[in-house]
file start-v8.cif (mmCIF, C-alpha atoms)
data_query
#
loop_
_atom_site.label_atom_id
_atom_site.label_comp_id
_atom_site.auth_asym_id
_atom_site.auth_seq_id
_atom_site.Cartn_x
_atom_site.Cartn_y
_atom_site.Cartn_z
CA MET A 1 0.00 0.00 0.00
CA THR A 2 1.27 3.46 -0.87
CA VAL A 3 1.59 5.60 2.24
CA TYR A 4 1.28 9.31 1.63
CA THR A 5 3.10 11.74 3.88
CA GLY A 6 2.98 15.48 4.34
CA SER A 7 0.43 17.47 2.39
CA HIS A 8 -0.63 14.36 0.43
CA SER A 9 -1.78 12.58 3.60
CA MET A 10 -5.40 12.47 4.77
CA LEU A 11 -4.08 14.35 7.80
CA PHE A 12 -4.53 17.41 5.61
CA GLN A 13 -7.99 16.57 4.32
CA PRO A 14 -11.10 18.30 5.78
CA LEU A 15 -13.07 16.77 8.63
CA LYS A 16 -16.57 17.65 9.81
CA ILE A 17 -17.27 17.74 13.54
CA ALA A 18 -20.10 19.18 15.66
CA ASP A 19 -22.68 17.24 13.62
CA GLY A 20 -21.44 18.95 10.47
CA LYS A 21 -21.52 22.52 11.80
CA ILE A 22 -17.72 22.82 11.82
CA THR A 23 -15.44 21.81 8.97
CA LEU A 24 -11.81 21.46 9.99
CA LYS A 25 -9.31 22.07 7.20
CA HIS A 26 -6.85 19.54 8.65
CA ARG A 27 -6.72 16.91 11.39
CA VAL A 28 -3.75 18.10 13.45
CA VAL A 29 -5.38 19.01 16.76
CA LEU A 30 -3.76 20.78 19.72
CA ALA A 31 -4.16 18.42 22.68
CA PRO A 32 -5.36 19.77 26.03
CA LEU A 33 -2.14 20.67 27.87
CA THR A 34 -1.85 21.92 31.43
CA ARG A 35 0.89 24.57 31.41
CA ASN A 36 0.33 26.45 34.72
CA ARG A 37 0.90 29.87 33.20
CA GLY A 38 -2.17 31.72 34.52
CA LYS A 39 -1.84 35.10 36.22
CA PRO A 40 -2.59 35.16 39.98
CA LEU A 41 -5.58 37.27 40.89
CA ASN A 42 -3.91 38.04 44.23
CA PRO A 43 -0.18 38.20 43.41
CA HIS A 44 0.69 39.15 46.98
CA GLY A 45 -0.92 36.17 48.67
CA THR A 46 0.37 35.06 52.04
CA THR A 47 0.30 31.84 54.02
CA GLN A 48 -2.73 33.17 55.88
CA ASN A 49 -4.38 34.47 52.72
CA PRO A 50 -2.97 32.48 49.79
CA ASN A 51 -3.89 33.15 46.18
CA ARG A 52 -6.19 30.42 44.89
CA LEU A 53 -7.41 32.05 41.69
CA TRP A 54 -5.70 32.51 38.33
CA TYR A 55 -6.87 34.05 35.07
CA PRO A 56 -5.60 34.01 31.46
CA ASP A 57 -3.41 37.01 30.66
CA ASP A 58 -1.93 38.29 27.38
CA LEU A 59 0.87 35.69 27.51
CA MET A 60 -1.70 32.91 27.43
CA VAL A 61 -3.49 34.67 24.59
CA GLU A 62 -0.24 34.68 22.61
CA TYR A 63 0.41 30.99 23.35
CA TYR A 64 -2.90 29.92 21.87
CA ARG A 65 -2.64 32.41 19.00
CA GLN A 66 0.76 30.99 18.01
CA ARG A 67 -0.71 27.50 17.66
CA THR A 68 -3.81 28.52 15.72
CA THR A 69 -4.16 27.81 12.01
CA ASP A 70 -6.96 28.57 9.60
CA GLY A 71 -9.50 25.78 10.03
CA GLY A 72 -7.51 24.11 12.81
CA LEU A 73 -8.88 22.86 16.14
CA LEU A 74 -7.42 23.61 19.57
CA ILE A 75 -8.54 22.00 22.82
CA SER A 76 -7.93 24.24 25.81
CA GLU A 77 -5.97 23.15 28.83
CA GLY A 78 -8.14 21.67 31.56
CA ILE A 79 -10.28 24.49 32.97
CA PRO A 80 -11.66 24.07 36.50
CA PRO A 81 -15.41 24.76 36.74
CA SER A 82 -15.14 25.63 40.44
CA LEU A 83 -12.57 26.45 43.09
CA GLU A 84 -12.76 23.03 44.73
CA SER A 85 -12.10 21.32 41.40
CA ASN A 86 -8.68 22.89 40.75
CA GLY A 87 -5.73 20.57 41.10
CA MET A 88 -2.71 22.82 40.50
CA PRO A 89 -1.47 26.40 40.81
CA GLY A 90 -1.41 28.60 37.75
CA VAL A 91 -4.48 26.96 36.20
CA PRO A 92 -7.20 29.48 35.24
CA GLY A 93 -10.77 28.46 35.93
CA ILE A 94 -13.88 29.88 34.31
CA PHE A 95 -16.08 30.51 37.35
CA ILE A 96 -15.42 34.22 38.00
CA GLU A 97 -15.69 37.22 35.70
CA GLU A 98 -11.95 37.92 35.52
CA GLN A 99 -11.33 34.39 34.29
CA ALA A 100 -14.14 34.52 31.74
CA PHE A 101 -12.81 37.84 30.43
CA GLY A 102 -9.33 36.36 29.99
CA TRP A 103 -10.64 33.27 28.22
CA LYS A 104 -12.71 35.44 25.90
CA LYS A 105 -9.50 37.15 24.78
CA VAL A 106 -8.02 33.71 24.03
CA VAL A 107 -11.10 32.64 22.10
CA ASP A 108 -11.18 35.88 20.12
CA ALA A 109 -7.51 35.52 19.18
CA VAL A 110 -8.11 31.97 17.90
CA HIS A 111 -11.14 33.05 15.88
CA GLU A 112 -9.26 36.00 14.38
CA LYS A 113 -6.87 33.51 12.77
CA GLY A 114 -9.70 31.32 11.52
CA GLY A 115 -9.32 28.58 14.12
CA PHE A 116 -11.74 26.75 16.42
CA ILE A 117 -11.32 26.14 20.15
CA TYR A 118 -13.11 23.85 22.61
CA CYS A 119 -13.16 24.38 26.38
CA GLN A 120 -12.03 21.30 28.29
CA LEU A 121 -13.68 21.16 31.72
CA TRP A 122 -11.49 19.54 34.37
CA ASN A 123 -12.24 18.55 37.96
CA ALA A 124 -9.23 17.08 39.77
CA GLY A 125 -11.34 15.36 42.41
CA ARG A 126 -9.07 13.74 44.96
CA ALA A 127 -5.94 14.70 42.97
CA THR A 128 -5.48 17.92 44.92
CA ILE A 129 -4.96 19.08 48.50
CA PRO A 130 -6.93 21.42 50.81
CA GLN A 131 -4.13 24.01 50.76
CA MET A 132 -4.76 24.37 47.04
CA THR A 133 -8.52 24.87 47.11
CA GLY A 134 -9.32 25.93 50.67
CA SER A 135 -11.63 22.92 51.07
CA PRO A 136 -11.27 19.13 51.35
CA ALA A 137 -10.54 17.18 48.20
CA ILE A 138 -13.62 15.42 46.85
CA CYS A 139 -14.01 11.87 45.64
CA PRO A 140 -16.70 9.23 45.06
CA SER A 141 -15.35 7.59 48.25
CA ALA A 142 -12.96 8.71 50.96
CA SER A 143 -10.25 6.62 49.28
CA VAL A 144 -6.77 7.28 50.60
CA TRP A 145 -3.96 7.22 48.04
CA ASP A 146 -2.61 3.67 48.03
CA ASP A 147 1.01 4.86 47.86
CA PRO A 148 1.75 6.66 51.15
CA THR A 149 4.97 8.09 49.70
CA GLU A 150 3.39 9.93 46.75
CA TYR A 151 3.62 13.70 47.07
CA TYR A 152 1.59 16.56 45.67
CA ALA A 153 3.70 18.22 42.99
CA TYR A 154 3.87 21.73 44.48
CA PRO A 155 4.82 22.89 48.01
CA PRO A 156 1.85 24.68 49.61
CA VAL A 157 2.10 28.47 49.89
CA GLY A 158 4.47 29.39 52.71
CA SER A 159 6.12 25.97 52.75
CA SER A 160 9.39 24.83 51.23
CA GLY A 161 8.44 21.16 51.27
CA ARG A 162 5.86 19.08 49.46
CA VAL A 163 3.09 17.22 51.28
CA ARG A 164 1.81 13.67 50.93
CA TYR A 165 -1.57 13.01 49.36
CA ALA A 166 -2.18 10.32 51.97
CA ASP A 167 -2.07 12.93 54.73
CA TYR A 168 -5.09 14.71 53.23
CA PRO A 169 -7.65 12.04 52.32
CA PRO A 170 -10.66 13.18 50.31
CA ILE A 171 -14.22 13.36 51.55
CA THR A 172 -16.98 11.20 50.10
CA LEU A 173 -19.33 13.15 47.87
CA SER A 174 -22.90 13.13 49.14
CA VAL A 175 -25.67 12.92 46.56
CA SER A 176 -26.45 16.60 47.09
CA HIS A 177 -22.76 17.42 46.60
CA ILE A 178 -22.75 15.35 43.40
CA ASN A 179 -25.68 17.40 42.14
CA LYS A 180 -23.88 20.62 43.03
CA THR A 181 -20.76 19.41 41.21
CA ILE A 182 -22.78 18.68 38.09
CA GLN A 183 -24.31 22.15 38.31
CA ASP A 184 -20.83 23.69 38.59
CA TYR A 185 -19.88 21.93 35.35
CA CYS A 186 -23.05 23.16 33.65
CA ASN A 187 -22.55 26.75 34.78
CA ALA A 188 -19.00 26.68 33.45
CA ALA A 189 -20.11 25.13 30.15
CA GLN A 190 -22.76 27.78 29.67
CA ARG A 191 -20.26 30.53 30.39
CA ALA A 192 -17.78 28.98 27.96
CA MET A 193 -20.32 29.02 25.15
CA GLU A 194 -21.42 32.56 26.01
CA ILE A 195 -17.88 33.91 25.63
CA GLY A 196 -17.43 32.20 22.28
CA PHE A 197 -15.87 28.76 22.74
CA ASP A 198 -16.93 26.56 19.83
CA GLY A 199 -17.71 23.62 22.09
CA VAL A 200 -17.05 21.91 25.40
CA GLU A 201 -15.04 18.78 26.15
CA LEU A 202 -15.51 16.85 29.40
CA HIS A 203 -12.22 15.55 30.75
CA ALA A 204 -13.25 12.09 31.92
CA GLY A 205 -9.82 10.47 31.88
CA ASN A 206 -6.40 10.52 33.57
CA GLY A 207 -7.72 9.59 37.00
CA TYR A 208 -9.61 12.85 37.61
CA LEU A 209 -13.08 13.06 39.14
CA PRO A 210 -15.20 11.46 36.39
CA GLU A 211 -12.72 8.60 36.03
CA GLN A 212 -12.55 8.27 39.81
CA PHE A 213 -16.24 7.36 39.64
CA LEU A 214 -15.46 4.81 36.90
CA SER A 215 -12.57 3.19 38.80
CA SER A 216 -13.27 0.20 41.01
CA ASN A 217 -10.22 0.77 43.20
CA ILE A 218 -11.29 4.35 44.01
CA ASN A 219 -15.10 4.24 43.88
CA LYS A 220 -16.18 2.06 46.82
CA ARG A 221 -19.77 3.30 46.95
CA THR A 222 -22.66 0.90 47.47
CA ASP A 223 -25.44 3.25 46.34
CA ASP A 224 -26.63 4.04 42.80
CA TYR A 225 -23.18 5.47 41.95
CA GLY A 226 -21.06 2.41 42.69
CA GLY A 227 -20.74 -1.32 43.18
CA THR A 228 -21.03 -2.50 39.56
CA PRO A 229 -19.58 -1.32 36.25
CA GLU A 230 -22.98 0.03 35.26
CA LYS A 231 -23.49 1.99 38.47
CA ARG A 232 -19.96 3.38 38.37
CA CYS A 233 -20.89 4.95 35.02
CA LYS A 234 -23.91 6.80 36.44
CA PHE A 235 -22.09 10.02 37.34
CA VAL A 236 -20.46 10.46 33.92
CA LEU A 237 -23.68 9.63 32.09
CA GLU A 238 -25.73 12.04 34.21
CA LEU A 239 -23.11 14.74 33.78
CA MET A 240 -23.05 14.33 30.00
CA ASP A 241 -26.85 14.42 29.91
CA GLU A 242 -26.93 17.72 31.78
CA LEU A 243 -24.10 19.26 29.76
CA ALA A 244 -25.89 18.30 26.55
CA LYS A 245 -28.98 20.14 27.76
CA VAL A 246 -26.90 23.28 28.34
CA VAL A 247 -24.68 23.39 25.24
CA GLY A 248 -26.33 20.96 22.81
CA GLU A 249 -24.90 17.50 22.21
CA GLU A 250 -23.44 18.59 18.85
CA ASN A 251 -21.25 21.05 20.79
CA LEU A 252 -20.22 18.49 23.40
CA SER A 253 -17.36 15.99 23.46
CA ILE A 254 -15.61 13.75 25.97
CA ARG A 255 -12.06 12.58 26.64
CA LEU A 256 -11.53 9.04 27.93
CA SER A 257 -8.55 6.88 28.94
CA PRO A 258 -9.99 3.36 29.39
CA PHE A 259 -6.59 1.79 30.01
CA GLY A 260 -4.89 4.56 31.98
CA LEU A 261 -3.08 4.28 35.29
CA PHE A 262 -2.57 7.97 36.03
CA ASN A 263 -3.44 9.26 39.52
CA GLN A 264 -3.51 5.69 40.85
CA ASN A 265 -6.36 4.56 38.67
CA ARG A 266 -5.99 0.79 39.11
CA SER A 267 -9.52 -0.10 38.10
CA GLU A 268 -10.51 -3.64 37.22
CA GLN A 269 -13.39 -4.61 34.90
CA ARG A 270 -12.01 -2.21 32.34
CA MET A 271 -13.79 -3.46 29.25
CA GLU A 272 -17.08 -4.03 31.06
CA THR A 273 -17.07 -0.50 32.50
CA TRP A 274 -15.92 1.54 29.50
CA HIS A 275 -17.85 -0.59 26.99
CA PHE A 276 -21.07 0.06 28.90
CA LEU A 277 -20.23 3.76 29.25
CA CYS A 278 -19.51 4.26 25.55
CA GLN A 279 -22.49 2.21 24.44
CA ARG A 280 -24.78 4.37 26.57
CA LEU A 281 -23.12 7.59 25.46
CA LYS A 282 -23.56 6.72 21.80
CA GLY A 283 -27.18 5.76 22.38
CA ALA A 284 -28.06 8.85 24.41
CA HIS A 285 -26.01 11.36 22.40
CA PRO A 286 -25.50 10.15 18.83
CA LYS A 287 -24.56 13.62 17.63
CA LEU A 288 -21.61 14.30 19.94
CA SER A 289 -19.11 16.64 18.30
CA TYR A 290 -16.31 14.05 18.63
CA VAL A 291 -14.83 11.62 21.13
CA SER A 292 -11.19 11.71 22.23
CA PHE A 293 -9.26 8.67 23.48
CA ILE A 294 -5.80 8.13 24.93
CA GLU A 295 -3.93 5.15 23.54
CA PRO A 296 -3.40 2.12 25.86
CA CYS A 297 0.34 2.55 25.34
CA TYR A 298 2.33 5.18 23.53
CA LEU A 299 2.92 3.91 20.05
CA ARG A 300 5.85 1.52 19.90
CA PHE A 301 6.60 2.21 16.24
CA PRO A 302 5.17 3.95 13.20
CA LEU A 303 2.11 1.93 12.21
CA TYR A 304 3.14 1.85 8.56
CA ASP A 305 6.84 1.03 9.05
CA THR A 306 8.32 -1.47 11.48
CA ASN A 307 11.87 -0.92 10.22
CA LEU A 308 12.86 1.78 12.66
CA SER A 309 16.31 3.28 12.67
CA SER A 310 18.21 3.51 15.94
CA GLN A 311 17.64 7.26 15.82
CA ASP A 312 13.87 6.75 15.65
CA LEU A 313 13.98 4.28 18.52
CA THR A 314 15.69 6.79 20.78
CA ARG A 315 12.80 9.19 20.12
CA PHE A 316 10.15 6.66 21.14
CA LEU A 317 11.67 5.10 24.25
CA PRO A 318 11.59 8.25 26.42
CA LEU A 319 7.86 8.54 25.71
CA HIS A 320 7.28 5.01 26.95
CA GLN A 321 9.40 5.41 30.03
CA ARG A 322 7.43 8.44 31.21
CA PHE A 323 4.03 6.94 30.51
CA GLU A 324 1.38 7.13 33.23
CA GLN A 325 3.61 7.16 36.31
CA THR A 326 5.24 3.89 35.26
CA PHE A 327 8.85 3.76 34.24
CA THR A 328 9.12 1.11 31.54
CA ILE A 329 7.10 -0.45 28.76
CA PRO A 330 7.07 -3.84 30.58
CA GLU A 331 5.49 -2.22 33.67
CA LYS A 332 2.52 -0.91 31.72
CA ASP A 333 2.30 -4.15 29.76
CA ALA A 334 2.20 -6.09 33.04
CA PHE A 335 -0.89 -4.17 34.15
CA LEU A 336 -2.62 -4.74 30.83
CA LYS A 337 -1.73 -8.44 30.91
CA SER A 338 -3.05 -8.81 34.46
CA TRP A 339 -6.40 -7.53 33.21
CA GLY A 340 -6.36 -9.90 30.23
CA LEU A 341 -5.73 -6.97 27.89
CA ALA A 342 -2.22 -7.67 26.64
CA ALA A 343 -3.04 -6.91 23.00
CA VAL A 344 -5.73 -4.30 23.59
CA ASP A 345 -6.31 -1.30 21.34
CA LEU A 346 -9.07 1.24 20.79
CA SER A 347 -10.85 -0.62 17.97
CA THR A 348 -13.74 -1.71 20.20
CA PHE A 349 -14.56 1.88 21.05
CA ARG A 350 -14.09 3.04 17.47
CA ALA A 351 -16.73 0.49 16.46
CA LEU A 352 -19.10 1.53 19.26
CA PHE A 353 -19.04 5.19 18.26
CA GLY A 354 -19.41 4.48 14.55
CA SER A 355 -19.68 7.73 12.60
CA THR A 356 -18.83 9.98 15.58
CA PRO A 357 -15.44 11.61 14.82
CA PHE A 358 -12.83 9.62 16.74
CA PHE A 359 -9.63 11.31 17.95
CA SER A 360 -6.49 9.58 19.25
CA ALA A 361 -3.73 10.90 21.54
CA GLY A 362 -0.56 9.19 22.62
CA GLY A 363 2.79 9.85 21.02
CA TRP A 364 1.92 10.96 17.48
CA ASN A 365 4.74 12.78 15.69
CA ASP A 366 6.34 13.28 12.28
CA THR A 367 7.30 9.62 11.89
CA ASN A 368 4.12 7.75 12.77
CA SER A 369 1.24 9.98 11.62
CA TRP A 370 1.07 8.62 8.09
CA GLY A 371 -1.22 5.97 6.64
CA VAL A 372 -3.33 5.64 9.79
CA ILE A 373 -6.24 7.94 9.04
CA GLU A 374 -6.40 6.41 5.55
CA SER A 375 -6.95 3.02 7.22
CA GLY A 376 -10.10 4.29 8.94
CA LYS A 377 -8.64 3.61 12.38
CA TYR A 378 -8.97 7.24 13.52
CA ASP A 379 -10.27 10.56 12.20
CA ALA A 380 -7.76 12.98 13.76
CA PHE A 381 -4.69 13.06 15.98
CA LEU A 382 -4.06 15.08 19.12
CA TYR A 383 -0.50 16.38 19.45
CA GLY A 384 0.91 17.56 22.76
CA ARG A 385 4.64 17.67 23.41
CA TYR A 386 5.58 18.51 19.84
CA PHE A 387 2.88 21.18 19.61
CA ILE A 388 4.50 22.78 22.65
CA SER A 389 7.91 23.04 20.99
CA ASN A 390 6.60 23.67 17.48
CA PRO A 391 3.99 26.42 17.41
CA ASP A 392 3.82 25.87 13.64
CA LEU A 393 3.57 22.08 13.94
CA VAL A 394 0.89 21.95 11.25
CA GLU A 395 3.18 23.53 8.67
CA ARG A 396 6.15 21.35 9.67
CA LEU A 397 4.09 18.19 9.24
CA ARG A 398 2.66 19.47 5.98
CA THR A 399 6.08 20.26 4.47
CA GLY A 400 8.19 17.55 6.10
CA ARG A 401 10.41 19.96 7.99
CA GLU A 402 12.27 18.81 11.10
CA LEU A 403 10.53 19.17 14.45
CA THR A 404 12.09 21.16 17.28
CA ALA A 405 12.83 19.06 20.37
CA TYR A 406 10.84 19.92 23.50
CA ASP A 407 12.24 20.83 26.90
CA ARG A 408 10.32 18.79 29.45
CA SER A 409 11.61 20.89 32.37
CA SER A 410 9.56 23.84 31.11
CA PHE A 411 6.27 22.01 30.60
CA TYR A 412 4.70 22.97 33.92
CA GLY A 413 4.96 26.44 35.51
CA PRO A 414 4.57 28.74 37.17
CA PHE A 415 7.97 30.32 36.56
CA GLU A 416 9.42 33.73 37.29
CA ASP A 417 9.48 34.13 33.50
CA ASN A 418 6.39 32.29 32.30
CA SER A 419 7.32 32.78 28.65
CA ARG A 420 10.18 30.26 28.99
CA GLY A 421 9.30 27.11 27.12
CA TYR A 422 5.87 28.59 26.42
CA THR A 423 5.88 31.34 23.81
CA ASP A 424 9.59 31.46 22.98
CA TYR A 425 9.84 28.48 20.60
CA LEU A 426 10.68 29.57 17.05
CA THR A 427 8.63 29.03 13.93
CA LEU A 428 10.14 27.86 10.65
CA GLU A 429 10.01 31.42 9.34
CA GLU A 430 11.91 32.69 12.37
CA GLU A 431 14.47 29.89 12.15
CA ASP A 432 15.04 30.57 8.45
CA ALA A 433 15.44 34.30 9.12
CA ILE A 434 18.14 33.59 11.71
CA ARG A 435 19.95 31.29 9.25
CA GLY A 436 19.54 33.84 6.50
CA THR A 437 17.73 31.40 4.22
#
call {"tool": "encode", "arguments": {"input": "start-v8.cif", "output": "structure tokens"}}
result
Amino acid sequence: MTVYTGSHSMLFQPLKIADGKITLKHRVVLAPLTRNRGKPLNPHGTTQNPNRLWYPDDLMVEYYRQRTTDGGLLISEGIPPSLESNGMPGVPGIFIEEQAFGWKKVVDAVHEKGGFIYCQLWNAGRATIPQMTGSPAICPSASVWDDPTEYYAYPPVGSSGRVRYADYPPITLSVSHINKTIQDYCNAAQRAMEIGFDGVELHAGNGYLPEQFLSSNINKRTDDYGGTPEKRCKFVLELMDELAKVVGEENLSIRLSPFGLFNQNRSEQRMETWHFLCQRLKGAHPKLSYVSFIEPCYLRFPLYDTNLSSQDLTRFLPLHQRFEQTFTIPEKDAFLKSWGLAAVDLSTFRALFGSTPFFSAGGWNDTNSWGVIESGKYDAFLYGRYFISNPDLVERLRTGRELTAYDRSSFYGPFEDNSRGYTDYLTLEEEDAIRGT
């Protein structure tokens, strides 16, 4: 089979999403990427009165503008719908006016360049600490982190040391608190659409609150929200129902990681749970804008070429070794094998969703993006790390130009200079100007 690369690939053919309302001019999508570059609302916070609110400033506007192309799709970083849902410093929510105003500037900048942008709504659930939010972490059950040595990534304000998750166990969400949480999501979704976002994506993966409900090792409830795969799906299904009422199902999407381990998601009954969830989602909301899935493992090799050079191999191995809080490919494979899923892929879910646009994330780059969309396996790819270091990634993939390596140390702020590793990567035009070509 002839495999077309660059501009001849289906990667650069149009794709309709949002039940046909939006036509993308290519299928290179900016993945949702937490960057912790928001501006503190109270920059002079103290230990007694710490800053807990951030908003998008002009630097964030520039970051999204740089990565916008005519007819291209961007998914925002995870946006907390409430204060208690925020998991990290520097992450702007969308629940106060200052935040909404900042996000509107981002949206306007994307639209000015002809792009589209969806708002990803993110609730960290138990993956936060009270010092971050000013309230206890929430969870389907008061499930303590099963690794007592795992630390929250950032020292609390006024402290030089990090704290253990296990020292701050979450509270169990009451039914009334569940309803309030759903309403927080809906309020945020409505605000997102009012300020011009083209759609809303529910982050239901990576071990955050929706996936905490789906996970048997975290959700220990015995009421209607837990105890069986079907009941563990109730929260996500209810939440999607309510979001669809607010924004319209054609403007709604969801991100899932059925085989993820992140944030200590060690759920069993994987296929039973996520199969039921996706079957119900497709039945209830057949016109979802798209669905977004994370690969079971970062791709081991380009799907069209198993004859990798040693140089290519060195590019793939670091991705595997950092995958999902495990350190090697065999570690992740051992989990999948223990669940009877050694050879699992996303084909089951692709079949369940049928004509709904199906996006894949998980290590796509300039060597492995070719020949896959043509096969019908996926409809678009989400790019993360290489979209960070290549603001003009679309053009580089289109023309076959070399990708700039990323600097992992600058992925997550905040920094004294937040532009570092954020808006200071060069485009091809800038590189050529420096070389005088």
call {"tool": "atom_distance", "arguments": {"input": "start-v8.cif", "atom1": "CA of Gln269 in chain A", "atom2": "CA of Gly340 in chain A"}}
result
10.0 Å
call {"tool": "closest_residue", "arguments": {"input": "start-v8.cif", "among": "A:Phe353, A:Tyr412, A:Phe197, A:Tyr422", "to": "Tyr154 in chain A", "atoms": "all atoms listed in the file"}}
result
A:Tyr412
call {"tool": "atom_distance", "arguments": {"input": "start-v8.cif", "atom1": "CA of Ser215 in chain A", "atom2": "CA of Asn265 in chain A"}}
result
6.4 Å
call {"tool": "residues_around", "arguments": {"input": "start-v8.cif", "residues": "range 287-298 of chain A", "least_positions_apart": "3", "cutoff": "8 Å", "atoms": "all atoms listed in the file", "output": "mmCIF file with C-alpha atoms, in the frame of the given file"}}
result
data_model
loop_
_atom_site.group_PDB
_atom_site.id
_atom_site.type_symbol
_atom_site.label_atom_id
_atom_site.label_comp_id
_atom_site.auth_asym_id
_atom_site.auth_seq_id
_atom_site.Cartn_x
_atom_site.Cartn_y
_atom_site.Cartn_z
ATOM 1 C CA ILE A 17 -17.270 17.740 13.540
ATOM 2 C CA ALA A 18 -20.100 19.180 15.660
ATOM 3 C CA ASP A 19 -22.680 17.240 13.620
ATOM 4 C CA GLU A 249 -24.900 17.500 22.210
ATOM 5 C CA GLU A 250 -23.440 18.590 18.850
ATOM 6 C CA ASN A 251 -21.250 21.050 20.790
ATOM 7 C CA LEU A 252 -20.220 18.490 23.400
ATOM 8 C CA SER A 253 -17.360 15.990 23.460
ATOM 9 C CA ILE A 254 -15.610 13.750 25.970
ATOM 10 C CA ARG A 255 -12.060 12.580 26.640
ATOM 11 C CA LEU A 256 -11.530 9.040 27.930
ATOM 12 C CA SER A 257 -8.550 6.880 28.940
ATOM 13 C CA PRO A 258 -9.990 3.360 29.390
ATOM 14 C CA PHE A 259 -6.590 1.790 30.010
ATOM 15 C CA GLY A 260 -4.890 4.560 31.980
ATOM 16 C CA LEU A 319 7.860 8.540 25.710
ATOM 17 C CA HIS A 320 7.280 5.010 26.950
ATOM 18 C CA PHE A 323 4.030 6.940 30.510
ATOM 19 C CA LYS A 332 2.520 -0.910 31.720
ATOM 20 C CA VAL A 344 -5.730 -4.300 23.590
ATOM 21 C CA ASP A 345 -6.310 -1.300 21.340
ATOM 22 C CA LEU A 346 -9.070 1.240 20.790
ATOM 23 C CA THR A 356 -18.830 9.980 15.580
ATOM 24 C CA PRO A 357 -15.440 11.610 14.820
ATOM 25 C CA PHE A 358 -12.830 9.620 16.740
ATOM 26 C CA PHE A 359 -9.630 11.310 17.950
ATOM 27 C CA SER A 360 -6.490 9.580 19.250
ATOM 28 C CA ALA A 361 -3.730 10.900 21.540
ATOM 29 C CA GLY A 362 -0.560 9.190 22.620
ATOM 30 C CA GLY A 363 2.790 9.850 21.020
#
call {"tool": "resolve_selection", "arguments": {"input": "start-v8.cif", "expression": "the PyMOL selection byres ((chain A and resi 189) around 10)", "output": "PyMOL selection string"}}
result
chain A and resi 81+94-95+119-121+183-188+190-194+197+199-202+243-244+246-247+252
call {"tool": "write_last_selection", "arguments": {"input": "start-v8.cif", "atoms": "C-alpha atoms", "output": "compact mmCIF listing (two decimals), keeping the file's coordinate frame"}}
result
# COMPACT_ATOMS: atom_id res chain seq x y z
CA PRO A 81 -15.41 24.76 36.74
CA ILE A 94 -13.88 29.88 34.31
CA PHE A 95 -16.08 30.51 37.35
CA CYS A 119 -13.16 24.38 26.38
CA GLN A 120 -12.03 21.30 28.29
CA LEU A 121 -13.68 21.16 31.72
CA GLN A 183 -24.31 22.15 38.31
CA ASP A 184 -20.83 23.69 38.59
CA TYR A 185 -19.88 21.93 35.35
CA CYS A 186 -23.05 23.16 33.65
CA ASN A 187 -22.55 26.75 34.78
CA ALA A 188 -19.00 26.68 33.45
CA GLN A 190 -22.76 27.78 29.67
CA ARG A 191 -20.26 30.53 30.39
CA ALA A 192 -17.78 28.98 27.96
CA MET A 193 -20.32 29.02 25.15
CA GLU A 194 -21.42 32.56 26.01
CA PHE A 197 -15.87 28.76 22.74
CA GLY A 199 -17.71 23.62 22.09
CA VAL A 200 -17.05 21.91 25.40
CA GLU A 201 -15.04 18.78 26.15
CA LEU A 202 -15.51 16.85 29.40
CA LEU A 243 -24.10 19.26 29.76
CA ALA A 244 -25.89 18.30 26.55
CA VAL A 246 -26.90 23.28 28.34
CA VAL A 247 -24.68 23.39 25.24
CA LEU A 252 -20.22 18.49 23.40
call {"tool": "residues_near_point", "arguments": {"input": "start-v8.cif", "point": "(8.3, 20.7, 18.4)", "cutoff": "7 Å", "atoms": "only C-alpha atoms", "output": "VMD selection string"}}
result
chain A and resid 385 to 390 393 403 to 406
call {"tool": "write_last_selection", "arguments": {"input": "start-v8.cif", "atoms": "C-alpha atoms", "output": "compact mmCIF listing (two decimals), in the coordinates of the input"}}
result
# COMPACT_ATOMS: atom_id res chain seq x y z
CA ARG A 385 4.64 17.67 23.41
CA TYR A 386 5.58 18.51 19.84
CA PHE A 387 2.88 21.18 19.61
CA ILE A 388 4.50 22.78 22.65
CA SER A 389 7.91 23.04 20.99
CA ASN A 390 6.60 23.67 17.48
CA LEU A 393 3.57 22.08 13.94
CA LEU A 403 10.53 19.17 14.45
CA THR A 404 12.09 21.16 17.28
CA ALA A 405 12.83 19.06 20.37
CA TYR A 406 10.84 19.92 23.50
call {"tool": "residues_near_point", "arguments": {"input": "start-v8.cif", "point": "(-10.9, 24.2, 14.1)", "cutoff": "6 Å", "atoms": "all atoms listed in the file", "output": "list in words"}}
result
Leu24, Gly71, Gly72, Leu73, Gly115 and Phe116 of chain A
call {"tool": "build_atoms", "arguments": {"input": "start-v8.cif", "residues": "range 276-280 of chain A", "atoms": "N, CA and C atoms", "output": "mmCIF file, in the frame of the given file"}}
result
data_model
loop_
_atom_site.group_PDB
_atom_site.id
_atom_site.type_symbol
_atom_site.label_atom_id
_atom_site.label_comp_id
_atom_site.auth_asym_id
_atom_site.auth_seq_id
_atom_site.Cartn_x
_atom_site.Cartn_y
_atom_site.Cartn_z
ATOM 1 N N PHE A 276 -19.724 -0.369 28.523
ATOM 2 C CA PHE A 276 -21.070 0.060 28.900
ATOM 3 C C PHE A 276 -21.197 1.581 28.791
ATOM 4 N N LEU A 277 -20.198 2.298 29.293
ATOM 5 C CA LEU A 277 -20.230 3.760 29.250
ATOM 6 C C LEU A 277 -20.357 4.258 27.816
ATOM 7 N N CYS A 278 -19.518 3.760 26.927
ATOM 8 C CA CYS A 278 -19.510 4.260 25.550
ATOM 9 C C CYS A 278 -20.761 3.844 24.796
ATOM 10 N N GLN A 279 -21.249 2.656 25.065
ATOM 11 C CA GLN A 279 -22.490 2.210 24.440
ATOM 12 C C GLN A 279 -23.642 3.125 24.824
ATOM 13 N N ARG A 280 -23.719 3.474 26.104
ATOM 14 C CA ARG A 280 -24.780 4.370 26.570
ATOM 15 C C ARG A 280 -24.594 5.785 26.040
#
